[in-house]
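Enquirer: If you scroll down you'll find the structure; I have some questions about it.
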Amino acid sequence: MGKYFGTDGFRGEANKVLTFEHAVKIGRFLGWYYGANMGKKAKVVIGKDTRRSSYMFEYALCTGLMASGADAYIMHVTTTPSVAYITRIDDFDCGIMISASHNPFYDNGIKVLNCNGEKMEEETLLKIEDYIDGKVEVPIAERGDIGRTVDYVAGRNRYIGYLISMSKFSFKGIKVGLDVANGASWQIAKGVFDALGAKTFVMNDSPDGYNINTDCGSTHIEHLQKFVVDNGLDIGFAYDGDADRCLAVDEKGNVVTGDHILYIYGTYMKERGKLVNNKIVATVMSNFGLFKALDKVGIEYDKTKVGDKYVYENMVNTGNRIGGEESGHIIFTKYATTGDGILTSLKLMEVMIAKEKPMSELAAPMVMYPQVLKNVRVKSKPEARNDPDVQKEVEAVAELLGENGRILVRESGTEPVIRVMVEAGDDETCEKYVDQVIDVIRKKGHIVD
């Protein structure tokens with residue numbers, strides 16, 4: 001990770017961490033890098049979520065792009081996966097999504113995508129950072145070379161058509177609940193489900209610039225659980241602010257996590273002979289229950305570092321076709337280059353209809369193990385994690401858990417903390433072993449008071 005761009009873009013509180021000036025400079029560099037630098041006029045497509053500051057960053061990016069001679073195509077409020085899709089399909093030089101995903105409204109972020117709709121290469125991001133820090137200069141466009149903006153809502157409509165074409169079945173007669181988190185999917189998701197014939201019930205679809213993700217969406221799934229039960233729905237789906245993740249709720253009100261989704265669709269692919277390499281891609285934070293369930297049905301798995309970026313890299317390098325995170329970032333490389341919440345929900349509908357089973361029955365074989373995760377603020381992450389006594393305690397806990405659980409100790413990628421996680425047969429065991437490891441970290445003097 002660089003100075004500004006992390007695993008999922010340049011993110012922080014608007015005009016405090018991520019500022020208007022940063023956005024102008026990002027636009028300036030990209031407009032020149034893909035334009036005059038290559039002897040042409042660059043074409044860049046931009047989408048945004050419903051945060052109040054997204055409008056400011058949209059105009060700032062457009063200003064920078066046009067000043068460097070690029071044409072900025074504006075999709076307005078739309079999802080991250082829609083920008084990825086249109087960037088790739090309509091031959092844009094790059095794409096930009098303005099969103100801080102599941103963060104509160106006062107945060108925002110700038111995600112940069114390459115011409116294939118994938119997260120921008122690290123090499124290019126580092127060049128942008130050098131320009132932001134004044135280490136390089138970029139010429140300004142003049143006269144007829146100055147760029148323009150183009151209203152490109154047609155791109156969003158094309159993406160909606162693409163989603164509708166993904167379904168093999170009619171949803172007629174199925175009652176579906178959607179929690180669109182007052183976010184980027186509020187104008188898209190219902191239209192897709194309605195077009196496919198579902199009886200659609202929507203909540204949190206009145207964005208005002210401040211209520212994105214507020215007590216709603218995939219980070220507050222409890223509201224959709226109640227909504228599904230109270231309305232007698234067959235299934236519910238919850239998205240985050242930019243709709244690149246999806247969690248579900250079955251007809252009984254139970255949560256269907258990203259790990260459940262990997263299991264459900266992975267087994268469905270295997271049954272049809274579509275599971276390339278007989279493997280799914282998860283992260284080290286996926287629940288132990290997922291791996292147990294996959295073992296029972298003979299499906300192999302790779303484990304990557306936390307972050308859909310690493311999941312996607314594995315899939316590109318190996319040819320694996322389905323992967324994701326427990327949080328609901330699910331990637332289907334045959335159809336998308338990023339997690340796509342709405343696409344994920346359509347794929348779950350496909351399994352439910354094809355197998356003629358309720359979601360509760362499809363999810364039942366994957367039993368979630370109890371989990372306790374605690375964050376410990378430390379003076380030095382590497383020193384704490386690599387301390388011989390800490391490692392000895394971790395190994396001792398792992399041996400005690402055996403095949404009935406696991407322990408994971410890892411460094412946070414964004415905070416000065418060590419994360420200690422244990423999964424076992426009951427909460428008491430998890431709590432006990434997590435505290436044992438934290439006690440050793442404390443006794444060795446690594447914890448910040």
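Chain labels A, B, ... are given in the sequence in which chains occur in the structure tokens; within each chain residues are numbered consecutively from 1, and ligands are likewise numbered from 1 in the order shown.
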Hey, what's within 10 Å of Gly298 of chain A if we count only C-alpha atoms and toss same-chain stuff fewer than 2 positions away? As a list in words, please?

Expert: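 With the cut-off at 10 Å, the set is Thr267, Lys270, Asn278, Lys279, Ala293, Leu294, Asp295, Lys296, Glu300 and Tyr301 of chain A.
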
Enquirer: Check the DSSP output for the backbone and give back, as a PyMOL selection string, the residues of segment 44-196 of chain A in strand (DSSP E).

Expert: chain A and resi 44-48+71-77+94-98+107-113+149-151+175-179

Enquirer: Using DSSP secondary structure from the backbone, list all alpha helix (DSSP H) positions within segment 244-309 of chain A, as number ranges by chain.

Expert: A: 258-271, 288-296, 308-309

Enquirer: For those residues, write N, CA and C atoms to a file as a PDB file, in the first residue's frame.

Expert:
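Written output follows (out_21.pdb):
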```pdb
ATOM      1  N   GLY A 258     -21.408 -13.939   3.562  1.00  0.00           N
ATOM      2  CA  GLY A 258     -20.609 -14.162   2.364  1.00  0.00           C
ATOM      3  C   GLY A 258     -20.056 -15.573   2.304  1.00  0.00           C
ATOM      4  N   ASP A 259     -19.725 -16.143   3.456  1.00  0.00           N
ATOM      5  CA  ASP A 259     -19.233 -17.525   3.484  1.00  0.00           C
ATOM      6  C   ASP A 259     -20.329 -18.499   3.072  1.00  0.00           C
ATOM      7  N   HIS A 260     -21.558 -18.260   3.545  1.00  0.00           N
ATOM      8  CA  HIS A 260     -22.683 -19.095   3.106  1.00  0.00           C
ATOM      9  C   HIS A 260     -22.852 -19.013   1.579  1.00  0.00           C
ATOM     10  N   ILE A 261     -22.722 -17.802   1.065  1.00  0.00           N
ATOM     11  CA  ILE A 261     -22.908 -17.604  -0.376  1.00  0.00           C
ATOM     12  C   ILE A 261     -21.855 -18.380  -1.165  1.00  0.00           C
ATOM     13  N   LEU A 262     -20.609 -18.334  -0.685  1.00  0.00           N
ATOM     14  CA  LEU A 262     -19.547 -19.096  -1.352  1.00  0.00           C
ATOM     15  C   LEU A 262     -19.877 -20.582  -1.341  1.00  0.00           C
ATOM     16  N   TYR A 263     -20.378 -21.062  -0.226  1.00  0.00           N
ATOM     17  CA  TYR A 263     -20.738 -22.480  -0.130  1.00  0.00           C
ATOM     18  C   TYR A 263     -21.911 -22.813  -1.059  1.00  0.00           C
ATOM     19  N   ILE A 264     -22.957 -22.020  -0.999  1.00  0.00           N
ATOM     20  CA  ILE A 264     -24.169 -22.303  -1.779  1.00  0.00           C
ATOM     21  C   ILE A 264     -23.880 -22.295  -3.278  1.00  0.00           C
ATOM     22  N   TYR A 265     -23.220 -21.232  -3.750  1.00  0.00           N
ATOM     23  CA  TYR A 265     -22.990 -21.164  -5.183  1.00  0.00           C
ATOM     24  C   TYR A 265     -21.840 -22.065  -5.621  1.00  0.00           C
ATOM     25  N   GLY A 266     -20.860 -22.259  -4.727  1.00  0.00           N
ATOM     26  CA  GLY A 266     -19.763 -23.165  -5.058  1.00  0.00           C
ATOM     27  C   GLY A 266     -20.247 -24.594  -5.272  1.00  0.00           C
ATOM     28  N   THR A 267     -21.130 -25.071  -4.381  1.00  0.00           N
ATOM     29  CA  THR A 267     -21.657 -26.421  -4.539  1.00  0.00           C
ATOM     30  C   THR A 267     -22.560 -26.521  -5.771  1.00  0.00           C
ATOM     31  N   TYR A 268     -23.294 -25.453  -6.049  1.00  0.00           N
ATOM     32  CA  TYR A 268     -24.150 -25.415  -7.241  1.00  0.00           C
ATOM     33  C   TYR A 268     -23.299 -25.521  -8.513  1.00  0.00           C
ATOM     34  N   MET A 269     -22.173 -24.807  -8.534  1.00  0.00           N
ATOM     35  CA  MET A 269     -21.265 -24.890  -9.679  1.00  0.00           C
ATOM     36  C   MET A 269     -20.688 -26.307  -9.813  1.00  0.00           C
ATOM     37  N   LYS A 270     -20.307 -26.899  -8.701  1.00  0.00           N
ATOM     38  CA  LYS A 270     -19.725 -28.251  -8.731  1.00  0.00           C
ATOM     39  C   LYS A 270     -20.729 -29.253  -9.273  1.00  0.00           C
ATOM     40  N   GLU A 271     -21.970 -29.136  -8.833  1.00  0.00           N
ATOM     41  CA  GLU A 271     -23.012 -30.061  -9.289  1.00  0.00           C
ATOM     42  C   GLU A 271     -23.216 -29.998 -10.798  1.00  0.00           C
ATOM     43  N   PHE A 288     -14.523 -20.861  10.033  1.00  0.00           N
ATOM     44  CA  PHE A 288     -14.055 -22.251  10.030  1.00  0.00           C
ATOM     45  C   PHE A 288     -15.144 -23.186   9.515  1.00  0.00           C
ATOM     46  N   GLY A 289     -16.396 -22.802   9.745  1.00  0.00           N
ATOM     47  CA  GLY A 289     -17.512 -23.623   9.287  1.00  0.00           C
ATOM     48  C   GLY A 289     -17.562 -23.759   7.779  1.00  0.00           C
ATOM     49  N   LEU A 290     -17.115 -22.730   7.055  1.00  0.00           N
ATOM     50  CA  LEU A 290     -17.085 -22.807   5.596  1.00  0.00           C
ATOM     51  C   LEU A 290     -16.140 -23.907   5.146  1.00  0.00           C
ATOM     52  N   PHE A 291     -14.952 -23.939   5.718  1.00  0.00           N
ATOM     53  CA  PHE A 291     -13.955 -24.916   5.297  1.00  0.00           C
ATOM     54  C   PHE A 291     -14.385 -26.343   5.663  1.00  0.00           C
ATOM     55  N   LYS A 292     -15.025 -26.487   6.811  1.00  0.00           N
ATOM     56  CA  LYS A 292     -15.553 -27.791   7.210  1.00  0.00           C
ATOM     57  C   LYS A 292     -16.616 -28.266   6.222  1.00  0.00           C
ATOM     58  N   ALA A 293     -17.524 -27.349   5.845  1.00  0.00           N
ATOM     59  CA  ALA A 293     -18.609 -27.706   4.923  1.00  0.00           C
ATOM     60  C   ALA A 293     -18.066 -28.050   3.541  1.00  0.00           C
ATOM     61  N   LEU A 294     -17.066 -27.305   3.081  1.00  0.00           N
ATOM     62  CA  LEU A 294     -16.472 -27.586   1.773  1.00  0.00           C
ATOM     63  C   LEU A 294     -15.743 -28.920   1.776  1.00  0.00           C
ATOM     64  N   ASP A 295     -15.090 -29.235   2.893  1.00  0.00           N
ATOM     65  CA  ASP A 295     -14.415 -30.530   3.006  1.00  0.00           C
ATOM     66  C   ASP A 295     -15.414 -31.680   2.837  1.00  0.00           C
ATOM     67  N   LYS A 296     -16.593 -31.523   3.408  1.00  0.00           N
ATOM     68  CA  LYS A 296     -17.601 -32.589   3.360  1.00  0.00           C
ATOM     69  C   LYS A 296     -18.088 -32.866   1.942  1.00  0.00           C
ATOM     70  N   ASP A 308     -10.748  -7.980  -0.937  1.00  0.00           N
ATOM     71  CA  ASP A 308     -11.193  -8.549  -2.212  1.00  0.00           C
ATOM     72  C   ASP A 308     -10.153  -8.376  -3.302  1.00  0.00           C
ATOM     73  N   LYS A 309      -9.244  -7.414  -3.119  1.00  0.00           N
ATOM     74  CA  LYS A 309      -8.134  -7.234  -4.063  1.00  0.00           C
ATOM     75  C   LYS A 309      -7.303  -8.505  -4.159  1.00  0.00           C
TER      76      LYS A 309
END
```

Enquirer: Could you list, as a list of chain:residue names, every residue within 10 Å of Asp133 of chain A, counting only C-alpha atoms and ignoring same-chain residues fewer than 4 positions away?

Expert: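 Residues meeting the cut-off are A:Lys3, A:His22, A:Lys25, A:Lys127, A:Ile128, A:Glu129.
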
Enquirer: Just want the 7 Å neighbourhood of Ile46 of chain A, counted on only C-alpha atoms, with same-chain residues fewer than 5 positions away dropped. Output as a ChimeraX atom specification.

Expert: /A:73-75,95-97

Enquirer: I need the residues from that last selection saved to file as an mmCIF file, in the first residue's frame (with N, CA and C atoms), if you can.

Expert:
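What landed in result.cif:
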```
data_model
loop_
_atom_site.group_PDB
_atom_site.id
_atom_site.type_symbol
_atom_site.label_atom_id
_atom_site.label_comp_id
_atom_site.auth_asym_id
_atom_site.auth_seq_id
_atom_site.Cartn_x
_atom_site.Cartn_y
_atom_site.Cartn_z
ATOM 1 N N TYR A 73 -16.755 11.425 -18.519
ATOM 2 C CA TYR A 73 -18.104 10.905 -18.741
ATOM 3 C C TYR A 73 -18.728 10.608 -17.376
ATOM 4 N N ILE A 74 -19.836 11.262 -17.071
ATOM 5 C CA ILE A 74 -20.416 11.209 -15.731
ATOM 6 C C ILE A 74 -21.621 10.270 -15.694
ATOM 7 N N MET A 75 -21.516 9.218 -14.895
ATOM 8 C CA MET A 75 -22.622 8.277 -14.735
ATOM 9 C C MET A 75 -23.564 8.673 -13.603
ATOM 10 N N GLY A 95 -11.519 4.184 -15.069
ATOM 11 C CA GLY A 95 -12.768 4.533 -14.409
ATOM 12 C C GLY A 95 -12.498 5.006 -13.000
ATOM 13 N N ILE A 96 -13.404 5.847 -12.483
ATOM 14 C CA ILE A 96 -13.261 6.353 -11.124
ATOM 15 C C ILE A 96 -14.592 6.207 -10.397
ATOM 16 N N MET A 97 -14.554 5.639 -9.207
ATOM 17 C CA MET A 97 -15.743 5.572 -8.360
ATOM 18 C C MET A 97 -15.505 6.377 -7.101
#
```

Enquirer: Write out as number ranges by chain each polymer residue whose atoms come within 12 Å of Glu350 of chain A, counting only C-alpha atoms; drop sequence neighbours fewer than 5 positions from it.

Expert: A: 166-171, 174, 196, 264-265, 268-269, 343-345, 355-359, 362

Enquirer: List as a list in words the protein and nucleic acid residues near His220 of chain A, meaning an atom at most 9 Å away when only C-alpha atoms are counted, but skip any in the same chain fewer than 6 places from it.

Expert: Asn213, Thr214 and Ala238 of chain A

Enquirer: Go ahead and write the selection's residues with N, CA and C atoms as a PDB file, in the first residue's frame.

Expert:
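As written to disk, selection_10.pdb reads:
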```pdb
ATOM      1  N   ASN A 213     -25.726   4.242   4.710  1.00  0.00           N
ATOM      2  CA  ASN A 213     -25.213   3.258   5.673  1.00  0.00           C
ATOM      3  C   ASN A 213     -25.645   3.495   7.121  1.00  0.00           C
ATOM      4  N   THR A 214     -26.419   4.528   7.388  1.00  0.00           N
ATOM      5  CA  THR A 214     -26.796   4.847   8.764  1.00  0.00           C
ATOM      6  C   THR A 214     -27.859   3.887   9.267  1.00  0.00           C
ATOM      7  N   ALA A 238     -29.255  -7.363   1.337  1.00  0.00           N
ATOM      8  CA  ALA A 238     -28.780  -6.072   1.848  1.00  0.00           C
ATOM      9  C   ALA A 238     -27.457  -5.717   1.186  1.00  0.00           C
TER      10      ALA A 238
END
```

Enquirer: Extract, using only C-alpha atoms, all DNA, RNA and protein residues at most 9 Å from Arg419 of chain A, discarding same-chain residues fewer than 2 positions from it, and format them as a PyMOL selection string.

Expert: chain A and resi 373-377+408-412+417+421

Enquirer: Quick one: pull the distance between atom CA of Lys226 of chain A and atom CA of Thr80 of chain A, Å, one decimal.

Expert: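 Between these atoms lies a distance of 27.7 Å.
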